[in-house]
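Participant: Below is entry08.csv; it holds CSV, C-alpha atoms.
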```
chain,number,residue,atom,x,y,z
Z,1,MET,CA,-26.9,6.0,5.9
Z,2,LEU,CA,-24.3,8.3,7.5
Z,3,ALA,CA,-25.9,11.4,6.0
Z,4,GLU,CA,-29.2,10.4,7.5
Z,5,SER,CA,-27.7,10.2,11.1
Z,6,ASP,CA,-28.3,12.9,13.6
Z,7,ARG,CA,-25.0,12.1,15.3
Z,8,PRO,CA,-22.1,14.4,14.9
Z,9,LEU,CA,-19.3,13.3,12.6
Z,10,PHE,CA,-16.9,12.8,15.5
Z,11,GLU,CA,-17.5,12.4,19.2
Z,12,TRP,CA,-14.5,12.6,21.6
Z,13,ARG,CA,-16.7,11.4,24.4
Z,14,TRP,CA,-17.3,8.2,22.6
Z,15,VAL,CA,-13.6,7.7,22.2
Z,16,ASP,CA,-13.1,8.4,25.9
Z,17,ARG,CA,-15.8,5.9,26.9
Z,18,ASN,CA,-14.4,3.2,24.6
Z,19,ALA,CA,-10.7,3.8,25.2
Z,20,ASP,CA,-10.2,0.3,26.7
Z,21,ALA,CA,-12.0,-1.4,23.8
Z,22,ILE,CA,-9.9,0.6,21.3
Z,23,LEU,CA,-6.7,-0.5,22.9
Z,24,GLN,CA,-7.9,-4.1,23.0
Z,25,ARG,CA,-8.9,-4.0,19.3
Z,26,LEU,CA,-5.6,-2.4,18.4
Z,27,GLY,CA,-3.7,-5.2,20.2
Z,28,GLU,CA,-5.7,-7.8,18.3
Z,29,HIS,CA,-4.9,-6.0,15.0
Z,30,LEU,CA,-1.2,-6.0,15.8
Z,31,ALA,CA,-1.3,-9.7,16.9
Z,32,LEU,CA,-3.0,-10.8,13.6
Z,33,THR,CA,-0.7,-8.7,11.5
Z,34,ALA,CA,2.5,-9.8,13.2
Z,35,THR,CA,1.6,-13.5,13.2
Z,36,ALA,CA,0.6,-13.4,9.5
Z,37,LEU,CA,3.8,-11.6,8.5
Z,38,ALA,CA,6.0,-13.9,10.6
Z,39,ALA,CA,4.4,-17.0,9.1
Z,40,GLY,CA,4.5,-15.6,5.6
Z,41,LEU,CA,8.2,-14.7,6.0
Z,42,VAL,CA,9.2,-18.2,7.2
Z,43,VAL,CA,7.3,-19.9,4.4
Z,44,SER,CA,8.6,-17.5,1.8
Z,45,ILE,CA,12.2,-18.1,2.9
Z,46,GLY,CA,11.7,-21.8,2.7
Z,47,LEU,CA,10.1,-21.5,-0.8
Z,48,ALA,CA,13.0,-19.2,-1.8
Z,49,VAL,CA,15.6,-21.7,-0.8
Z,50,LEU,CA,13.9,-24.4,-2.8
Z,51,SER,CA,13.5,-22.0,-5.7
Z,52,LEU,CA,17.2,-21.2,-5.7
Z,53,ARG,CA,18.2,-24.9,-5.4
Z,54,TRP,CA,15.8,-26.0,-8.2
Z,55,ARG,CA,15.2,-23.3,-10.8
Z,56,TRP,CA,12.1,-25.0,-12.2
Z,57,PHE,CA,10.4,-24.7,-8.8
Z,58,TYR,CA,10.5,-20.9,-8.7
Z,59,PRO,CA,7.9,-20.2,-11.5
Z,60,VAL,CA,5.6,-22.9,-9.9
Z,61,ALA,CA,5.9,-21.4,-6.4
Z,62,LEU,CA,5.4,-17.9,-7.8
Z,63,SER,CA,2.3,-18.9,-9.8
Z,64,THR,CA,0.8,-20.6,-6.9
Z,65,ALA,CA,1.4,-17.6,-4.6
Z,66,GLY,CA,-0.1,-15.4,-7.3
Z,67,ALA,CA,-3.2,-17.6,-7.5
Z,68,LEU,CA,-3.6,-17.5,-3.7
Z,69,TYR,CA,-3.2,-13.7,-3.8
Z,70,VAL,CA,-6.2,-13.2,-6.0
Z,71,VAL,CA,-8.5,-15.3,-3.9
Z,72,PRO,CA,-11.1,-13.0,-2.2
Z,73,SER,CA,-10.4,-12.8,1.5
Z,74,LEU,CA,-14.0,-13.5,2.5
Z,75,GLY,CA,-14.0,-16.6,0.3
Z,76,ALA,CA,-10.8,-17.8,1.8
Z,77,PHE,CA,-12.2,-17.3,5.3
Z,78,ALA,CA,-15.4,-19.1,4.4
Z,79,LEU,CA,-13.4,-22.1,3.1
Z,80,LEU,CA,-11.4,-22.5,6.3
Z,81,VAL,CA,-14.3,-22.0,8.8
Z,82,PRO,CA,-15.5,-25.7,8.5
Z,83,PHE,CA,-12.0,-26.8,9.4
Z,84,PHE,CA,-10.9,-24.3,12.1
Z,85,GLY,CA,-14.1,-22.6,13.1
Z,86,LEU,CA,-14.2,-18.8,13.8
Z,87,SER,CA,-10.7,-18.8,15.2
Z,88,PHE,CA,-7.4,-17.0,15.1
Z,89,THR,CA,-6.0,-19.7,12.8
Z,90,THR,CA,-8.8,-19.2,10.3
Z,91,ALA,CA,-7.9,-15.5,10.1
Z,92,VAL,CA,-4.1,-15.9,10.0
Z,93,ILE,CA,-3.9,-18.5,7.2
Z,94,PRO,CA,-5.3,-16.3,4.4
Z,95,LEU,CA,-3.5,-13.3,5.7
Z,96,ALA,CA,-0.2,-15.2,5.6
Z,97,THR,CA,-0.8,-16.5,2.1
Z,98,TYR,CA,-1.4,-13.0,0.8
Z,99,THR,CA,2.2,-12.1,1.8
Z,100,LEU,CA,3.8,-15.0,-0.1
Z,101,LEU,CA,3.8,-13.4,-3.6
Z,102,ILE,CA,5.4,-10.2,-2.4
Z,103,LEU,CA,7.9,-11.8,0.0
Z,104,LEU,CA,8.9,-14.7,-2.2
Z,105,ARG,CA,9.7,-12.5,-5.2
Z,106,ASN,CA,11.7,-10.0,-3.1
Z,107,ILE,CA,13.7,-12.7,-1.2
Z,108,VAL,CA,14.7,-14.5,-4.5
Z,109,THR,CA,15.5,-11.2,-6.2
Z,110,GLY,CA,17.6,-10.0,-3.3
Z,111,ILE,CA,19.6,-13.2,-3.1
Z,112,GLN,CA,20.1,-13.3,-6.9
Z,113,GLN,CA,21.5,-9.7,-6.7
Z,114,VAL,CA,24.4,-10.8,-4.4
Z,115,PRO,CA,27.6,-10.5,-6.4
Z,116,ASN,CA,29.1,-13.8,-7.6
Z,117,ASP,CA,32.6,-12.8,-6.4
Z,118,VAL,CA,31.2,-12.5,-2.9
Z,119,ARG,CA,29.7,-16.0,-3.1
Z,120,GLU,CA,33.0,-17.4,-4.5
Z,121,ALA,CA,35.0,-15.7,-1.7
Z,122,ALA,CA,32.7,-17.3,0.9
Z,123,VAL,CA,32.9,-20.7,-0.7
Z,124,GLY,CA,36.7,-20.3,-0.8
Z,125,MET,CA,36.6,-19.7,2.9
Z,126,GLY,CA,34.8,-23.0,3.4
Z,127,TYR,CA,31.3,-21.9,3.8
Z,128,THR,CA,28.7,-24.6,3.3
Z,129,ARG,CA,25.5,-23.8,1.3
Z,130,ALA,CA,23.5,-23.3,4.4
Z,131,LYS,CA,26.1,-21.1,6.0
Z,132,LEU,CA,26.4,-19.1,2.8
Z,133,LEU,CA,22.7,-18.4,2.8
Z,134,VAL,CA,22.5,-17.4,6.4
Z,135,ARG,CA,25.7,-15.5,6.9
Z,136,VAL,CA,26.2,-13.9,3.4
Z,137,GLU,CA,23.2,-14.0,1.0
Z,138,LEU,CA,20.3,-13.2,3.3
Z,139,PRO,CA,22.2,-10.3,5.1
Z,140,LEU,CA,23.2,-8.8,1.8
Z,141,ALA,CA,19.6,-9.2,0.5
Z,142,LEU,CA,18.1,-7.5,3.5
Z,143,PRO,CA,17.3,-4.2,1.8
Z,144,VAL,CA,15.2,-5.9,-0.9
Z,145,VAL,CA,13.6,-8.3,1.6
Z,146,ILE,CA,12.6,-5.5,4.0
Z,147,ALA,CA,11.3,-3.5,1.0
Z,148,GLY,CA,9.0,-6.4,0.3
Z,149,LEU,CA,8.1,-6.8,4.0
Z,150,ARG,CA,7.0,-3.1,4.1
Z,151,VAL,CA,4.6,-3.7,1.3
Z,152,ALA,CA,3.3,-6.9,2.8
Z,153,ALA,CA,2.9,-5.3,6.2
Z,154,VAL,CA,0.8,-2.4,4.9
Z,155,THR,CA,-1.3,-4.7,2.8
Z,156,THR,CA,-1.9,-7.1,5.7
Z,157,ILE,CA,-2.9,-4.3,8.1
Z,158,GLY,CA,-5.6,-3.3,5.6
Z,159,LEU,CA,-6.8,-6.9,5.2
Z,160,VAL,CA,-7.0,-7.5,8.9
Z,161,THR,CA,-10.0,-5.2,9.1
Z,162,VAL,CA,-11.9,-7.9,7.1
Z,163,THR,CA,-11.4,-10.4,9.9
Z,164,SER,CA,-14.1,-8.6,11.9
Z,165,MET,CA,-16.5,-10.6,9.8
Z,166,LEU,CA,-15.2,-13.7,11.7
Z,167,GLY,CA,-15.7,-12.0,15.0
Z,168,MET,CA,-11.9,-11.8,15.4
Z,169,GLY,CA,-12.0,-8.1,16.3
Z,170,GLY,CA,-9.2,-5.9,15.2
Z,171,LEU,CA,-9.9,-2.3,14.2
Z,172,GLY,CA,-12.4,-3.6,11.6
Z,173,PHE,CA,-14.7,-4.3,14.6
Z,174,PHE,CA,-15.4,-0.6,14.9
Z,175,ILE,CA,-16.0,-0.2,11.1
Z,176,ARG,CA,-18.5,-3.0,11.2
Z,177,ALA,CA,-20.1,-1.8,14.4
Z,178,GLY,CA,-20.4,1.7,13.1
Z,179,ILE,CA,-22.2,0.6,10.0
Z,180,GLN,CA,-24.4,-2.1,11.4
Z,181,THR,CA,-26.1,-0.1,14.1
Z,182,THR,CA,-29.6,1.2,13.7
Z,183,THR,CA,-28.2,4.7,13.7
Z,184,PRO,CA,-24.8,4.7,12.0
Z,185,ASN,CA,-21.9,5.8,14.2
Z,186,PRO,CA,-19.4,7.8,12.1
Z,187,THR,CA,-17.1,8.1,15.1
Z,188,ALA,CA,-16.6,4.3,15.3
Z,189,ILE,CA,-16.0,4.1,11.6
Z,190,ILE,CA,-13.4,7.0,11.6
Z,191,VAL,CA,-11.6,5.4,14.6
Z,192,GLY,CA,-11.4,2.0,12.8
Z,193,ILE,CA,-10.2,3.5,9.5
Z,194,GLY,CA,-8.0,6.2,11.0
Z,195,LEU,CA,-6.1,3.9,13.4
Z,196,SER,CA,-5.6,1.4,10.6
Z,197,ILE,CA,-4.0,4.1,8.5
Z,198,VAL,CA,-1.9,5.3,11.5
Z,199,LEU,CA,-0.8,1.8,12.3
Z,200,ALA,CA,0.2,1.1,8.7
Z,201,VAL,CA,2.3,4.3,8.6
Z,202,VAL,CA,4.0,3.6,11.9
Z,203,VAL,CA,4.8,0.0,11.0
Z,204,ASP,CA,6.2,1.0,7.6
Z,205,PHE,CA,8.3,3.7,9.3
Z,206,LEU,CA,9.7,1.2,11.8
Z,207,LEU,CA,10.6,-1.3,9.1
Z,208,TRP,CA,12.3,1.6,7.2
Z,209,LEU,CA,14.3,2.4,10.3
Z,210,SER,CA,15.2,-1.3,10.7
Z,211,GLU,CA,16.6,-1.4,7.2
Z,212,ARG,CA,18.8,1.6,7.9
Z,213,ALA,CA,20.0,0.0,11.1
Z,214,LEU,CA,20.6,-3.5,9.7
Z,215,ALA,CA,21.8,-2.6,6.3
Z,216,PRO,CA,23.8,0.7,6.5
Z,217,TRP,CA,25.8,-0.2,3.4
Z,218,ALA,CA,22.7,0.0,1.3
Z,219,ARG,CA,22.1,3.6,2.5
Z,220,LYS,CA,25.7,4.5,1.6
Z,221,GLY,CA,25.3,2.9,-1.8
Z,222,ARG,CA,22.3,5.1,-2.6
Z,223,ALA,CA,24.0,8.3,-1.3
```
Is it possible to express this structure as structure tokens?
Facilitator:
Amino acid sequence: MLAESDRPLFEWRWVDRNADAILQRLGEHLALTATALAAGLVVSIGLAVLSLRWRWFYPVALSTAGALYVVPSLGAFALLVPFFGLSFTTAVIPLATYTLLILLRNIVTGIQQVPNDVREAAVGMGYTRAKLLVRVELPLALPVVIAGLRVAAVTTIGLVTVTSMLGMGGLGFFIRAGIQTTTPNPTAIIVGIGLSIVLAVVVDFLLWLSERALAPWARKGRA
């Protein structure tokens, strides 16, 4: 395998020759990650609203999300290929479902932690249930929601590498290409893995910054 290759461990010339392809695959990785996170967040908010309205629904939704979370990614992709082909949709659906368990739990927990006196004050001011959720509960739950989003984002960035099996690209393309060549290319593998790690760290940091910007009261509370 890699030990049997005569190629050096890392070749900067290869990186220079493939700079455009690297940027393209990085863009694909970002697009898949962002779409999956956005879809997962929207669905999770909807499920959280239903869970808070009907308490019996929460364990059902959480168990279903948990069951989807343990489905092997390749198996999920294989099940969807007959319906959507080797497409962006086939890649995004399983990626989005893997975020549901994390996001649903954090959204519900965050909203449940909103003090009752705050809710009562808002209701006394004439807030409807929908206005209470959008203007009071979700903003106050932001620190917990973003914490879940950070975990979901890092997890999704790692899972996106598997979509290279569908020909969807992303940084996993370089990992697969580096392994499947006659002479293994360690540079391609390192680029695929390394940039995935860097991307995960950068996205996590940006989400952390967004929490500090959008929920400064939470930072003061921890001080």
Participant: If you count all atoms listed in the file, which residues fall within 7 Å of Ser44 in chain Z, apart from same-chain ones fewer than 2 positions away, as a list of chain:residue names?
Facilitator: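 In the requested format, the answer is Z:Gly40, Z:Leu41, Z:Val42, Z:Gly46, Z:Leu47, Z:Ala48, Z:Leu100, Z:Leu103, Z:Leu104.
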Participant: Need the shell around range 166-168 of chain Z: protein/DNA/RNA residues with any atom at most 8 Å away, counting all atoms listed in the file. Skip same-chain ones fewer than 4 positions apart. Format as a list of chain:residue names?
Facilitator: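 The residues that qualify are Z:Glu28, Z:Phe77, Z:Leu86, Z:Ser87, Z:Phe88, Z:Ala91, Z:Phe173.
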Participant: Got a sec: who's within 12 Å of Gly75 in chain Z, counting all atoms listed in the file, leaving out chain neighbours fewer than 4 positions off, as number ranges by chain?
Facilitator: Z: 68-71, 79-81, 90-91, 94, 162-163, 165-166
Participant: My list of candidates is Z:Gly192, Z:Val154, Z:Thr183, Z:Val136. Which is closest to Phe205 in chain Z when distances are computed with only C-alpha atoms?
Facilitator: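 Distance minimum relative to Phe205 in chain Z lands on Z:Val154.
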Participant: Let me make sure I understand: among Z:Leu26, Z:Ile157, Z:Val145, Z:Ile193, which one has the smallest atom-to-atom distance to Trp208 in chain Z if we use all atoms listed in the file?
Facilitator: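 Nearest to Trp208 in chain Z: Z:Val145.
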Participant: Smallest atom-to-atom distance to Ala122 in chain Z: which of Z:Ile102, Z:Ala31, Z:Val134, Z:Ala213, using all atoms listed in the file?
Facilitator: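 Using all atoms listed in the file, Ala122 in chain Z sits closest to Z:Val134.
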